Amino acid sequence: MDAKIPSELVEFADVAVDELGGAAAFRTLLDRFAMLEGKRGGEFYTPPSIVRVLVEALAAEAPGTIYDPCCGSGEILLTAALQTPGLAVHGDGLNAEALTLARMNLALHGIDSRLGRQSIDVLSRPGNGDSSYSYIVANPPFGLRGWSREDPALERSWLYGPPPRGNADFAWLQFVLERLAPGGRAAVVMPAGAAFRGGRERVIRQAMVADGCIESVIALPPMLFYNTAIGATIWVLRRSSNPQRELLLVDATGLGRLSQRAQRELSEQDHEVIRAVLTDWRAGVTPAHEALPTAVVTAADLKKNDYDLTPEKYALNEAAARTDDGRQGIETLLRELARLGERSARVDMVMDQMIGRAQILEPPVQELPPGWQEVRLADISELTAGPSARASDDGSVGVVRPRNLVGGRITGSFDRIDEGTAGKLETHRLAEGDILCTRTGVVGRHALVTSAHKGWMCGTGLIRIRPRQGIDPKYLSDYLNSPSVLDWLTRHSAGSVLPSINTRVLGTLPVVLPPAEAQGEIGRVLQALDDKITTHEQIARATAALRDSLYPLLTSGRVSPPE
């Protein structure tokens, strides 16, 4: 190893812990390392979008015990413990390195836990009175081969039948159910193929359906895992004296957006609609959310389809059936497309007018026009690094963290602090027109503060840029998003392990500053282009939904294509 790397790591750790706190710095490093490791990173780290769906599907309540049989670096247990204080946290790791990470992760966040190590042989060993748990979460390794020394049918008895020796997926599902306490609930990540593969796995699915232990199967969108497009499902399981006679199948494959790292992430709205569907189902209400196709199926329905639990296969037909043979849904989508078409015409007209008035000067353009100047960012704004503040369960003042800067907007789940702490940090309050940008990790992410977050606090890991009088905040925000600035930030960030930038360096950023009137005009041109992009993205989504709604009607002969 390059001798300079250990010293850089130590230096970075000192800075990161000082600026972010030990817990946040550790999670940032884990996320970064897992992303760089690609598929191997998935062996010990589950991306945040999947973790949140798992935890919210579990809907744990304290008091109770939560267990992860292959806890990786502990991020699922940590999220569950933070969301539901009072849970007793237990877990096992499949290797010593991951177990060390899990212990550090939980300890740094102040979570007491009981973690141990177990071999993969535990899957094929007969149960010996192992502890039972109120809640179980797991993201086991997919398609594990060689987990059993001989045919699993010869090694022990199974709840629903012996799994194939060449794939441990259904061994994990049965392992979880064996350790689930009566009345308990589990949420387990499975590959998409577990819902439809044949042979022994089909026999096990049939037995599980007959026993009523499957509450729901949620199909996740592709590219949620780091550096792989593999799709996955979440199986929500129950141990109940009153077993489920119907299953809820949720097709969430259309949710999420690609992030700056070419990885798909679920938005706050995506998480809300998944949570709402599961809440309705558990309350005895048949879910009917336009944004999320669902289907309620019986054992008879599944038998007709060879016990295939793929949500997409049923949700599409269910959606069509709920809309008067699809006609009502199609009419709604056609009206939406008509509305978007009118909006598209308006934004096209505005954009054409603005671009049409633009004058493109002949090269060479060596100098800035009269009245324009190049200045440093520190000359036209006040830069302040966000402080460290401990979140409070009963806090009333919102705090914006780096994770809340998504696609140029402030969004997501927010930490809060109490008024007393906020009073001591008054100089870090946000005002409308401030710009927030990240100072560690993916540098260059930023967002413009609107009236919705006025009076909130700038959190640790962020730099607040407050434009001086005469500087258009929208122009400066757009300027920070330009390719040349993003390239400058990359070149001037410190650290080869995890890039970071401080207020002193950021203050030296060169800014091309036109007169105030030109700043506003540039902002309006860029806004027109953004509006056009947004409108056409909405048209694309509505058109895709129309295609999906028409498909079952076209293929059933109920709609005749035009000649």
# chains A, B, ... in the order shown; residues from 1 in each chain; ligands from 1
>>> residues_around(residues="Gly254 in chain A", least_positions_apart="2", cutoff="12 Å", atoms="only C-alpha atoms", output="list in words")
Ile218, Ala219, Leu220, Pro221, Pro222, Met223, Gly231, Val250, Asp251, Ala252, Gly256, Arg257, Leu258, Arg264, Glu265, Leu266, Asp270, Ile274, Glu290, Ala291, Leu292, Pro293, Glu312, Arg541, Ala542, Ala544, Ala545 and Asp548 of chain A
>>> closest_residue(among="A:Met351, A:Leu94, A:Pro370, A:Leu462", to="Ile522 in chain A", atoms="only C-alpha atoms")
A:Met351
>>> select_by_dssp(residues="range 155-314 of chain A", states="alpha helix (DSSP H)", output="ChimeraX atom specification")
/A:155,169-178,200-211,268-282,299-304,311-314
>>> write_last_selection(atoms="N, CA and C atoms", output="short mmCIF file (atom, residue, chain, number, x, y, z; two decimals), in the first residue's frame")
data_model
loop_
_atom_site.label_atom_id
_atom_site.label_comp_id
_atom_site.auth_asym_id
_atom_site.auth_seq_id
_atom_site.Cartn_x
_atom_site.Cartn_y
_atom_site.Cartn_z
N GLU A 155 -30.54 -33.62 5.95
CA GLU A 155 -29.85 -33.03 7.10
C GLU A 155 -30.79 -32.70 8.26
N ASP A 169 -31.62 -19.34 -0.88
CA ASP A 169 -32.64 -18.31 -0.67
C ASP A 169 -33.78 -18.80 0.23
N PHE A 170 -34.34 -19.97 -0.07
CA PHE A 170 -35.47 -20.46 0.70
C PHE A 170 -35.04 -21.11 2.02
N ALA A 171 -33.76 -21.40 2.15
CA ALA A 171 -33.25 -21.80 3.47
C ALA A 171 -33.27 -20.58 4.40
N TRP A 172 -32.90 -19.41 3.87
CA TRP A 172 -32.94 -18.19 4.68
C TRP A 172 -34.37 -17.85 5.10
N LEU A 173 -35.31 -17.94 4.18
CA LEU A 173 -36.71 -17.62 4.52
C LEU A 173 -37.22 -18.53 5.63
N GLN A 174 -36.91 -19.81 5.56
CA GLN A 174 -37.39 -20.74 6.59
C GLN A 174 -36.62 -20.56 7.90
N PHE A 175 -35.35 -20.24 7.82
CA PHE A 175 -34.56 -19.93 9.01
C PHE A 175 -35.18 -18.76 9.78
N VAL A 176 -35.57 -17.73 9.03
CA VAL A 176 -36.19 -16.55 9.64
C VAL A 176 -37.51 -16.92 10.31
N LEU A 177 -38.35 -17.66 9.60
CA LEU A 177 -39.66 -18.03 10.16
C LEU A 177 -39.53 -18.91 11.39
N GLU A 178 -38.52 -19.77 11.43
CA GLU A 178 -38.31 -20.64 12.60
C GLU A 178 -37.96 -19.84 13.85
N ARG A 200 -37.98 -27.36 -6.25
CA ARG A 200 -38.23 -27.36 -4.82
C ARG A 200 -38.73 -26.00 -4.32
N GLU A 201 -38.24 -24.95 -4.93
CA GLU A 201 -38.64 -23.62 -4.47
C GLU A 201 -40.12 -23.37 -4.74
N ARG A 202 -40.63 -23.87 -5.84
CA ARG A 202 -42.06 -23.73 -6.12
C ARG A 202 -42.89 -24.50 -5.08
N VAL A 203 -42.40 -25.68 -4.67
CA VAL A 203 -43.09 -26.47 -3.64
C VAL A 203 -43.11 -25.71 -2.32
N ILE A 204 -41.99 -25.09 -1.97
CA ILE A 204 -41.93 -24.34 -0.71
C ILE A 204 -42.87 -23.14 -0.76
N ARG A 205 -42.90 -22.43 -1.89
CA ARG A 205 -43.82 -21.28 -2.02
C ARG A 205 -45.26 -21.72 -1.82
N GLN A 206 -45.63 -22.84 -2.44
CA GLN A 206 -46.99 -23.35 -2.30
C GLN A 206 -47.32 -23.62 -0.83
N ALA A 207 -46.38 -24.23 -0.11
CA ALA A 207 -46.61 -24.55 1.30
C ALA A 207 -46.70 -23.28 2.14
N MET A 208 -45.89 -22.30 1.83
CA MET A 208 -45.94 -21.03 2.57
C MET A 208 -47.26 -20.31 2.33
N VAL A 209 -47.72 -20.32 1.08
CA VAL A 209 -49.02 -19.70 0.77
C VAL A 209 -50.14 -20.41 1.52
N ALA A 210 -50.09 -21.75 1.52
CA ALA A 210 -51.13 -22.51 2.21
C ALA A 210 -51.13 -22.24 3.71
N ASP A 211 -49.96 -22.01 4.27
CA ASP A 211 -49.86 -21.76 5.72
C ASP A 211 -50.20 -20.31 6.08
N GLU A 268 -38.62 10.69 -0.95
CA GLU A 268 -39.49 10.73 0.22
C GLU A 268 -40.92 10.35 -0.17
N GLN A 269 -41.38 10.84 -1.34
CA GLN A 269 -42.74 10.52 -1.79
C GLN A 269 -42.88 9.03 -2.10
N ASP A 270 -41.82 8.42 -2.65
CA ASP A 270 -41.86 6.98 -2.93
C ASP A 270 -42.03 6.18 -1.64
N HIS A 271 -41.26 6.55 -0.63
CA HIS A 271 -41.36 5.85 0.65
C HIS A 271 -42.75 6.05 1.27
N GLU A 272 -43.29 7.24 1.14
CA GLU A 272 -44.60 7.53 1.72
C GLU A 272 -45.69 6.67 1.09
N VAL A 273 -45.65 6.49 -0.24
CA VAL A 273 -46.72 5.74 -0.89
C VAL A 273 -46.60 4.24 -0.57
N ILE A 274 -45.37 3.72 -0.46
CA ILE A 274 -45.20 2.31 -0.06
C ILE A 274 -45.72 2.11 1.35
N ARG A 275 -45.35 3.03 2.24
CA ARG A 275 -45.81 2.93 3.62
C ARG A 275 -47.33 3.01 3.71
N ALA A 276 -47.95 3.90 2.92
CA ALA A 276 -49.41 4.07 2.94
C ALA A 276 -50.12 2.80 2.47
N VAL A 277 -49.58 2.15 1.44
CA VAL A 277 -50.18 0.92 0.93
C VAL A 277 -50.16 -0.17 2.00
N LEU A 278 -49.02 -0.33 2.67
CA LEU A 278 -48.92 -1.37 3.71
C LEU A 278 -49.80 -1.03 4.91
N THR A 279 -49.87 0.24 5.27
CA THR A 279 -50.72 0.65 6.40
C THR A 279 -52.19 0.37 6.09
N ASP A 280 -52.63 0.70 4.88
CA ASP A 280 -54.02 0.42 4.48
C ASP A 280 -54.30 -1.08 4.55
N TRP A 281 -53.39 -1.88 4.05
CA TRP A 281 -53.58 -3.32 3.99
C TRP A 281 -53.73 -3.89 5.39
N ARG A 282 -52.89 -3.44 6.31
CA ARG A 282 -52.95 -3.96 7.68
C ARG A 282 -54.17 -3.46 8.42
N ALA A 299 -54.97 -17.83 -2.55
CA ALA A 299 -54.26 -19.06 -2.89
C ALA A 299 -54.76 -19.63 -4.21
N ALA A 300 -56.06 -19.47 -4.48
CA ALA A 300 -56.62 -19.98 -5.74
C ALA A 300 -56.04 -19.21 -6.92
N ASP A 301 -55.90 -17.88 -6.78
CA ASP A 301 -55.31 -17.08 -7.85
C ASP A 301 -53.88 -17.54 -8.13
N LEU A 302 -53.14 -17.78 -7.06
CA LEU A 302 -51.74 -18.17 -7.22
C LEU A 302 -51.62 -19.57 -7.80
N LYS A 303 -52.52 -20.46 -7.44
CA LYS A 303 -52.47 -21.82 -7.97
C LYS A 303 -52.62 -21.81 -9.49
N LYS A 304 -53.49 -20.92 -10.00
CA LYS A 304 -53.69 -20.82 -11.45
C LYS A 304 -52.40 -20.41 -12.16
N PRO A 311 -45.02 -9.61 -8.33
CA PRO A 311 -46.08 -8.59 -8.22
C PRO A 311 -46.50 -7.98 -9.55
N GLU A 312 -45.53 -7.75 -10.46
CA GLU A 312 -45.86 -7.11 -11.73
C GLU A 312 -46.88 -7.92 -12.53
N LYS A 313 -46.88 -9.23 -12.34
CA LYS A 313 -47.76 -10.11 -13.13
C LYS A 313 -49.22 -9.91 -12.77
N TYR A 314 -49.49 -9.55 -11.50
CA TYR A 314 -50.87 -9.42 -11.03
C TYR A 314 -51.30 -7.96 -10.93
#
>>> closest_residue(among="A:Thr555, A:Thr384, A:Gln469, A:Thr65", to="Val137 in chain A", atoms="only C-alpha atoms")
A:Thr65
>>> select_by_dssp(residues="range 136-382 of chain A", states="strand (DSSP E)", output="PyMOL selection string")
chain A and resi 136-138+180-191+214-219+232-238+246-251+257-258+264-265+294-298+373-376+381-382
>>> residues_around(residues="Thr508 in chain A", least_positions_apart="2", cutoff="10 Å", atoms="only C-alpha atoms", output="list in words")
Val375, Arg376, Leu377, Ala378, Asp379, His492, Thr503, Arg504, Val505, Leu506, Pro510 and Val511 of chain A
>>> residues_around(residues="Ala138 in chain A", least_positions_apart="6", cutoff="7 Å", atoms="only C-alpha atoms", output="PyMOL selection string")
chain A and resi 68-70+187-189
>>> residues_around(residues="Ser132 in chain A", least_positions_apart="2", cutoff="12 Å", atoms="only C-alpha atoms", output="ChimeraX atom specification")
/A:64-69,90,127-130,134-136,175-186,239
>>> residues_around(residues="Ile539 in chain A", least_positions_apart="2", cutoff="9 Å", atoms="only C-alpha atoms", output="list in words")
Glu336, Leu337, Leu340, Gly341, Ser344, Thr534, Thr535, His536, Glu537, Arg541, Ala542, Thr543 and Ala544 of chain A
>>> atom_distance(atom1="CA of Ala391 in chain A", atom2="CA of Ser477 in chain A")
28.2 Å
>>> closest_residue(among="A:Arg52, A:Arg156, A:Arg390, A:Arg149", to="Gly22 in chain A", atoms="only C-alpha atoms")
A:Arg390
>>> residues_around(residues="Glu19 in chain A", least_positions_apart="6", cutoff="10 Å", atoms="only C-alpha atoms", output="list in words")
Ala13, Ala25, Ala385, Gly386, Pro387, Ser388, Arg439, Thr440, Thr460, Gly461 and Leu462 of chain A
>>> write_last_selection(atoms="N, CA, C and O atoms", output="PDB file, in the first residue's frame")
ATOM      1  N   ALA A  13      -9.987  11.151   8.788  1.00  0.00           N
ATOM      2  CA  ALA A  13     -10.833  10.740   9.907  1.00  0.00           C
ATOM      3  C   ALA A  13     -10.900  11.835  10.962  1.00  0.00           C
ATOM      4  O   ALA A  13     -11.967  12.120  11.516  1.00  0.00           O
ATOM      5  N   ALA A  25     -19.623  10.383  10.390  1.00  0.00           N
ATOM      6  CA  ALA A  25     -18.412  10.134   9.607  1.00  0.00           C
ATOM      7  C   ALA A  25     -18.280   8.653   9.273  1.00  0.00           C
ATOM      8  O   ALA A  25     -17.920   8.275   8.157  1.00  0.00           O
ATOM      9  N   ALA A 385     -19.703  27.466   7.689  1.00  0.00           N
ATOM     10  CA  ALA A 385     -19.812  26.013   7.831  1.00  0.00           C
ATOM     11  C   ALA A 385     -20.848  25.674   8.891  1.00  0.00           C
ATOM     12  O   ALA A 385     -20.949  26.340   9.925  1.00  0.00           O
ATOM     13  N   GLY A 386     -21.638  24.646   8.624  1.00  0.00           N
ATOM     14  CA  GLY A 386     -22.669  24.232   9.566  1.00  0.00           C
ATOM     15  C   GLY A 386     -22.078  23.643  10.832  1.00  0.00           C
ATOM     16  O   GLY A 386     -21.060  22.951  10.781  1.00  0.00           O
ATOM     17  N   PRO A 387     -22.699  23.891  11.976  1.00  0.00           N
ATOM     18  CA  PRO A 387     -22.186  23.385  13.253  1.00  0.00           C
ATOM     19  C   PRO A 387     -22.663  21.962  13.517  1.00  0.00           C
ATOM     20  O   PRO A 387     -23.529  21.440  12.825  1.00  0.00           O
ATOM     21  N   SER A 388     -22.101  21.358  14.539  1.00  0.00           N
ATOM     22  CA  SER A 388     -22.562  20.044  14.996  1.00  0.00           C
ATOM     23  C   SER A 388     -23.607  20.241  16.074  1.00  0.00           C
ATOM     24  O   SER A 388     -23.410  21.020  17.002  1.00  0.00           O
ATOM     25  N   ARG A 439     -19.927  19.759   1.861  1.00  0.00           N
ATOM     26  CA  ARG A 439     -18.479  19.982   1.964  1.00  0.00           C
ATOM     27  C   ARG A 439     -17.695  18.687   2.084  1.00  0.00           C
ATOM     28  O   ARG A 439     -16.470  18.713   2.147  1.00  0.00           O
ATOM     29  N   THR A 440     -18.357  17.548   2.173  1.00  0.00           N
ATOM     30  CA  THR A 440     -17.678  16.255   2.173  1.00  0.00           C
ATOM     31  C   THR A 440     -18.475  15.289   1.310  1.00  0.00           C
ATOM     32  O   THR A 440     -19.659  15.496   1.060  1.00  0.00           O
ATOM     33  N   THR A 460     -24.434  20.124  10.157  1.00  0.00           N
ATOM     34  CA  THR A 460     -23.039  19.771   9.945  1.00  0.00           C
ATOM     35  C   THR A 460     -22.860  19.083   8.598  1.00  0.00           C
ATOM     36  O   THR A 460     -23.762  18.408   8.101  1.00  0.00           O
ATOM     37  N   GLY A 461     -21.694  19.264   7.997  1.00  0.00           N
ATOM     38  CA  GLY A 461     -21.440  18.692   6.680  1.00  0.00           C
ATOM     39  C   GLY A 461     -21.862  19.584   5.534  1.00  0.00           C
ATOM     40  O   GLY A 461     -21.694  19.229   4.376  1.00  0.00           O
ATOM     41  N   LEU A 462     -22.426  20.774   5.847  1.00  0.00           N
ATOM     42  CA  LEU A 462     -22.874  21.709   4.816  1.00  0.00           C
ATOM     43  C   LEU A 462     -22.172  23.052   4.970  1.00  0.00           C
ATOM     44  O   LEU A 462     -21.703  23.411   6.056  1.00  0.00           O
TER      45      LEU A 462
END
>>> atom_distance(atom1="CA of Arg409 in chain A", atom2="CA of Pro483 in chain A")
18.3 Å
>>> atom_distance(atom1="CA of Leu509 in chain A", atom2="CA of Val485 in chain A")
8.0 Å
>>> closest_residue(among="A:Gly444, A:Pro191, A:Gly470, A:Gly520", to="Arg491 in chain A", atoms="only C-alpha atoms")
A:Gly444
